[in-house]
Amino acid sequence: MPFIPVHINGFAQFLLTLFHFFFTFPFPPFNMSKAGDAKPKTLLTHLIAGGSAGLVEACTCHPLDTIKVRMQLSKSGSRTKGGKRLGFFGVGARIVKNESVWALYKGLGAVVSGIVPKMAIRFSSFEFYKSVLADKETQKVTTKATFLAGLGAGVTEAVMVVTPMDVVKIRLQAQRHSMADPLDIPKYRNAGHAAYTIIKEEGVSALYKGVSLTALRQATNQAVNFTAYQEMKKAAAVYQKLDELPSYQHLVLGGVSGAMGPLSNAPIDTIKTRIQKSNEPGSGWHRFKTVTTEIYTKEGYMAFYKGLTPRLLRVAPGQAVTFMVYEKVRSWLDRFNEKIENGDGPVQAVMKIVEDEN
C-alpha cells in the first residue's frame with residue numbers, strides 16, 4: 001500500500017468510517033446538486049458536509065469575528081492614548097496585550113455549539129428550497145430560484161440557530177476581562193453559563209433579541225452568497241469543461257461570493273449587534289428605534305459601517321473555507337456511499353477513497 005499522509009487521510013478515514021453508521025438510515029432525497037449527477041443527494045449528505053464545513057470555518061476565523069464585534073460595540077472608536085483611532089490590527093493587538101491571545105477566542109464555545117447545526121441547516125434547507133423551486137420536468141434551477149432558496153435558507157438558520165447563538169456570543173465577546181488572570185472573573189464564564197444567566201435574568205425571549213434583523217441579515221447574506229457562488233461555479237465549470245472544480249477554485253469562489261453579503265447589509269449587522277449586546281427592556285421595534293437613533297445622532301452615519309473591514313476579513317475567508325470543505329466532504333460522502341452500495345465494506349471504501357486522494 002502506498003504511503004498515506006496522516007494529515008489528509010487520517011481525517012478522511014475517521015470521518016467517513018464514522019458517517020457509515022448514519023448512512024444505514026433512510027432519508028428522503030433532494031434534487032441533484034449539479035447537472036449530470038447520477039443520483040440525487042440525500043438530506044444527510046448536506047447535513048454532514050455543512051456541519052463539517054461550519055466546524056472548520058469557526059475554528060479558523062473566530063478571532064476576526066471577536067475583533068469585528070469589539071469595533072462595532074465601541075461607540076467612540078478604539079483609540080490610542082494619543083487619541084489616534086485604532087484600525088483592525090490595532091484593536092486585535094490591544095485585545096491580546098490586555099486580555100491575552102485567548103481573548104480572541106471568547107465566545108468560541110457558543111459559536112462551535114451553534115455553527116455545526118447552523119451550517120447543516122443552511123445547506124440542507126437551501127437544497128430543500130431549491131428542490132421545491134426547481135422545474136418539475138427538467139429539474140433545472142433558475143437564478144431567481146437560487147436567490148429565493150438562499151433567502152429561505154438564511155431565514156431558516158436565523159430563527160433556528162443563529163439568533164440565540166449570536167446573543168450568547170456577543171455577550172461573551174463584549175466582556176473586557178483578562179483570560180490570563182484567574183482572579184479576573186467575568187459575569188459570563190462560558191457559553192452555557194451565559195445562556196443560563198441570560199435566561200434567568202432576562203427570560204428566554206432575550207435569546208431572540210434582534211431576531212428580525214438577524215433574519216434579514218442572514219436572508220440577504222445567503223441569497224447573495226449562494227446565487228453568486230452557484231453562478232460563478234457553473235460558469236467556471238463550463239469555461240474549463242470540467243464536471244467538478246478543484247478545491248482551490250471552490251476556495252476562491254467562496255471568498256468572492258462571501259464578500260458580497262457584508263457589503264450589502266453592514267448597517268443591519270451593526271444595529272443587530274448593539275441590540276443583542278444591550279439588556280434594555282421593551283419591544284423589538286422600540287429597541288431598534290432607540291439603537292438606530294442613538295447611533296445616528298451620537299456617532300454619525302458612518303458608524304453604521306463600523307466593523308465592515310473586519311467583517312469582510314471574517315466573512316470572506318470564512319465562506320471560502322466553508323464552501324471548500326463542504327464540497328470536499330460532500331464528494332467524500334458521495335463516493336463513500338457509492339462504494340458501499342457496490343458491495344465494499346466501510347474500511348475498504350475508505351481506503352479506496354484515500355488512495356484516490358493521493
# chains A, B, ... in the order shown; residues from 1 in each chain; ligands from 1
call {"tool": "residues_around", "arguments": {"residues": "A:Leu263", "least_positions_apart": "3", "cutoff": "8 Å", "atoms": "only C-alpha atoms", "output": "list in words"}}
result
Ala259, Met260, Ala266, Leu308 and Leu312 of chain A
call {"tool": "write_last_selection", "arguments": {"atoms": "all heavy atoms", "output": "PDB file, in the first residue's frame"}}
result
ATOM      1  N   ALA A 259     -17.857  37.803   0.250  1.00  0.00           N
ATOM      2  CA  ALA A 259     -17.637  39.235   0.489  1.00  0.00           C
ATOM      3  C   ALA A 259     -18.825  40.083   0.072  1.00  0.00           C
ATOM      4  O   ALA A 259     -18.961  41.237   0.518  1.00  0.00           O
ATOM      5  CB  ALA A 259     -16.390  39.693  -0.262  1.00  0.00           C
ATOM      6  N   MET A 260     -19.694  39.561  -0.765  1.00  0.00           N
ATOM      7  CA  MET A 260     -20.792  40.364  -1.307  1.00  0.00           C
ATOM      8  C   MET A 260     -21.892  40.644  -0.281  1.00  0.00           C
ATOM      9  O   MET A 260     -22.494  41.716  -0.286  1.00  0.00           O
ATOM     10  CB  MET A 260     -21.386  39.661  -2.531  1.00  0.00           C
ATOM     11  CG  MET A 260     -20.415  39.573  -3.694  1.00  0.00           C
ATOM     12  SD  MET A 260     -21.138  38.762  -5.134  1.00  0.00           S
ATOM     13  CE  MET A 260     -19.748  38.833  -6.280  1.00  0.00           C
ATOM     14  N   ALA A 266     -24.254  45.926   5.844  1.00  0.00           N
ATOM     15  CA  ALA A 266     -23.442  46.313   7.007  1.00  0.00           C
ATOM     16  C   ALA A 266     -24.242  47.048   8.086  1.00  0.00           C
ATOM     17  O   ALA A 266     -24.089  46.746   9.276  1.00  0.00           O
ATOM     18  CB  ALA A 266     -22.246  47.148   6.550  1.00  0.00           C
ATOM     19  N   LEU A 308     -16.926  47.010   9.322  1.00  0.00           N
ATOM     20  CA  LEU A 308     -17.103  46.436   7.991  1.00  0.00           C
ATOM     21  C   LEU A 308     -15.838  45.734   7.509  1.00  0.00           C
ATOM     22  O   LEU A 308     -15.902  44.628   6.956  1.00  0.00           O
ATOM     23  CB  LEU A 308     -17.507  47.522   6.984  1.00  0.00           C
ATOM     24  CG  LEU A 308     -17.650  47.051   5.521  1.00  0.00           C
ATOM     25  CD1 LEU A 308     -18.708  45.951   5.414  1.00  0.00           C
ATOM     26  CD2 LEU A 308     -17.997  48.222   4.608  1.00  0.00           C
ATOM     27  N   LEU A 312     -15.614  41.877   6.659  1.00  0.00           N
ATOM     28  CA  LEU A 312     -15.200  41.346   5.358  1.00  0.00           C
ATOM     29  C   LEU A 312     -14.054  40.362   5.527  1.00  0.00           C
ATOM     30  O   LEU A 312     -14.023  39.302   4.892  1.00  0.00           O
ATOM     31  CB  LEU A 312     -14.773  42.488   4.433  1.00  0.00           C
ATOM     32  CG  LEU A 312     -15.892  43.319   3.796  1.00  0.00           C
ATOM     33  CD1 LEU A 312     -15.310  44.528   3.099  1.00  0.00           C
ATOM     34  CD2 LEU A 312     -16.692  42.468   2.816  1.00  0.00           C
TER      35      LEU A 312
END
call {"tool": "select_by_dssp", "arguments": {"residues": "stretch 80-174 of chain A", "states": "helix (DSSP H, G or I)", "output": "PyMOL selection string"}}
result
chain A and resi 88-99+101-105+108-133+143-174
call {"tool": "atom_distance", "arguments": {"atom1": "atom CA of A:Pro63", "atom2": "atom CA of A:Gly318"}}
result
11.4 Å
call {"tool": "residues_around", "arguments": {"residues": "stretch 116-132 of chain A", "least_positions_apart": "5", "cutoff": "10 Å", "atoms": "only C-alpha atoms", "output": "PyMOL selection string"}}
result
chain A and resi 29-33+41-58+111+139-142+145-158+160-162+165+218+222-223+226+322+326
call {"tool": "atom_distance", "arguments": {"atom1": "atom CA of A:Leu104", "atom2": "atom CA of A:Pro186"}}
result
15.3 Å
call {"tool": "closest_residue", "arguments": {"among": "A:Ser331, A:Thr273, A:Gln173, A:Thr214", "to": "A:Tyr105", "atoms": "only C-alpha atoms"}}
result
A:Gln173
call {"tool": "closest_residue", "arguments": {"among": "A:Thr293, A:Gln276, A:Ser257, A:Gln348", "to": "A:Ala316", "atoms": "only C-alpha atoms"}}
result
A:Ser257
call {"tool": "atom_distance", "arguments": {"atom1": "atom CA of A:Asp166", "atom2": "atom CA of A:Asn265"}}
result
16.6 Å
call {"tool": "residues_around", "arguments": {"residues": "A:Ile295", "least_positions_apart": "3", "cutoff": "12 Å", "atoms": "only C-alpha atoms", "output": "list in words"}}
result
Gln72, Leu73, Ser74, Lys75, Ser76, Pro267, Thr270, Ile271, Lys272, Thr273, Arg274, Ile275, Phe288, Lys289, Thr290, Val291, Thr292, Lys298, Glu299, Gly300, Tyr301, Met302, Ala303, Phe304, Tyr305 and Lys306 of chain A
call {"tool": "closest_residue", "arguments": {"among": "A:Thr309, A:Asn221, A:Thr197, A:Ser205", "to": "A:Met71", "atoms": "only C-alpha atoms"}}
result
A:Thr309
call {"tool": "residues_around", "arguments": {"residues": "A:Lys169", "least_positions_apart": "2", "cutoff": "9 Å", "atoms": "only C-alpha atoms", "output": "PyMOL selection string"}}
result
chain A and resi 106-111+164-167+171-174+191+194
call {"tool": "write_last_selection", "arguments": {"atoms": "all heavy atoms", "output": "short mmCIF file (atom, residue, chain, number, x, y, z; two decimals), in the first residue's frame"}}
result
data_model
loop_
_atom_site.label_atom_id
_atom_site.label_comp_id
_atom_site.auth_asym_id
_atom_site.auth_seq_id
_atom_site.Cartn_x
_atom_site.Cartn_y
_atom_site.Cartn_z
N LYS A 106 -12.89 34.34 22.70
CA LYS A 106 -14.07 34.47 23.56
C LYS A 106 -15.32 34.21 22.72
O LYS A 106 -15.47 34.75 21.63
CB LYS A 106 -14.14 35.87 24.17
CG LYS A 106 -13.15 36.10 25.30
CD LYS A 106 -13.27 37.52 25.85
CE LYS A 106 -12.31 37.74 27.02
NZ LYS A 106 -12.40 39.12 27.54
N GLY A 107 -16.23 33.41 23.29
CA GLY A 107 -17.47 33.12 22.57
C GLY A 107 -17.35 31.98 21.58
O GLY A 107 -18.34 31.62 20.93
N LEU A 108 -16.15 31.38 21.46
CA LEU A 108 -15.98 30.29 20.50
C LEU A 108 -16.86 29.09 20.85
O LEU A 108 -17.39 28.41 19.97
CB LEU A 108 -14.51 29.85 20.43
CG LEU A 108 -14.20 28.70 19.45
CD1 LEU A 108 -14.58 29.10 18.03
CD2 LEU A 108 -12.72 28.32 19.52
N GLY A 109 -17.03 28.85 22.17
CA GLY A 109 -17.88 27.73 22.58
C GLY A 109 -19.29 27.89 22.07
O GLY A 109 -19.91 26.93 21.59
N ALA A 110 -19.82 29.13 22.16
CA ALA A 110 -21.17 29.38 21.66
C ALA A 110 -21.23 29.19 20.16
O ALA A 110 -22.21 28.67 19.62
CB ALA A 110 -21.59 30.81 22.03
N VAL A 111 -20.17 29.62 19.48
CA VAL A 111 -20.14 29.50 18.02
C VAL A 111 -20.06 28.04 17.59
O VAL A 111 -20.81 27.60 16.72
CB VAL A 111 -18.95 30.29 17.43
CG1 VAL A 111 -18.84 30.05 15.93
CG2 VAL A 111 -19.13 31.78 17.70
N PRO A 164 -30.09 32.98 18.82
CA PRO A 164 -29.64 32.66 20.19
C PRO A 164 -28.12 32.55 20.28
O PRO A 164 -27.52 33.00 21.27
CB PRO A 164 -30.32 31.31 20.47
CG PRO A 164 -31.43 31.22 19.51
CD PRO A 164 -30.99 31.94 18.29
N MET A 165 -27.50 31.96 19.27
CA MET A 165 -26.05 31.80 19.28
C MET A 165 -25.35 33.16 19.26
O MET A 165 -24.38 33.38 19.99
CB MET A 165 -25.61 30.99 18.05
CG MET A 165 -24.12 30.74 17.97
SD MET A 165 -23.68 29.90 16.43
CE MET A 165 -23.79 31.27 15.26
N ASP A 166 -25.87 34.09 18.47
CA ASP A 166 -25.28 35.42 18.38
C ASP A 166 -25.41 36.19 19.69
O ASP A 166 -24.48 36.90 20.10
CB ASP A 166 -25.94 36.22 17.25
CG ASP A 166 -25.19 36.07 15.94
OD1 ASP A 166 -24.25 35.25 15.88
OD2 ASP A 166 -25.55 36.76 14.96
N VAL A 167 -26.56 36.10 20.34
CA VAL A 167 -26.76 36.80 21.60
C VAL A 167 -25.73 36.33 22.63
O VAL A 167 -25.07 37.15 23.29
CB VAL A 167 -28.19 36.58 22.14
CG1 VAL A 167 -28.32 37.12 23.56
CG2 VAL A 167 -29.21 37.25 21.23
N ARG A 171 -22.43 38.63 24.00
CA ARG A 171 -22.29 38.93 25.43
C ARG A 171 -20.91 38.48 25.92
O ARG A 171 -20.28 39.18 26.72
CB ARG A 171 -23.38 38.22 26.23
CG ARG A 171 -24.80 38.68 25.94
CD ARG A 171 -25.08 40.09 26.42
NE ARG A 171 -26.46 40.46 26.15
CZ ARG A 171 -27.48 40.29 26.99
NH1 ARG A 171 -27.28 39.74 28.17
NH2 ARG A 171 -28.70 40.67 26.64
N LEU A 172 -20.45 37.33 25.46
CA LEU A 172 -19.13 36.84 25.87
C LEU A 172 -18.02 37.71 25.29
O LEU A 172 -17.05 38.05 25.97
CB LEU A 172 -18.95 35.39 25.42
CG LEU A 172 -19.76 34.34 26.19
CD1 LEU A 172 -19.73 33.01 25.44
CD2 LEU A 172 -19.21 34.15 27.60
N GLN A 173 -18.14 38.06 24.02
CA GLN A 173 -17.11 38.85 23.36
C GLN A 173 -17.02 40.27 23.90
O GLN A 173 -15.96 40.90 23.84
CB GLN A 173 -17.37 38.89 21.85
CG GLN A 173 -17.12 37.56 21.16
CD GLN A 173 -17.53 37.61 19.70
OE1 GLN A 173 -18.54 38.20 19.34
NE2 GLN A 173 -16.74 36.98 18.83
N ALA A 174 -18.12 40.79 24.42
CA ALA A 174 -18.14 42.16 24.92
C ALA A 174 -17.46 42.31 26.27
O ALA A 174 -17.15 43.42 26.70
CB ALA A 174 -19.59 42.65 25.02
N ALA A 191 -20.16 29.66 27.36
CA ALA A 191 -21.39 29.76 26.58
C ALA A 191 -22.61 29.23 27.34
O ALA A 191 -23.66 29.86 27.36
CB ALA A 191 -21.23 29.00 25.27
N ALA A 194 -23.46 31.61 30.15
CA ALA A 194 -24.03 32.85 29.60
C ALA A 194 -25.49 32.64 29.23
O ALA A 194 -26.35 33.47 29.55
CB ALA A 194 -23.23 33.29 28.38
#
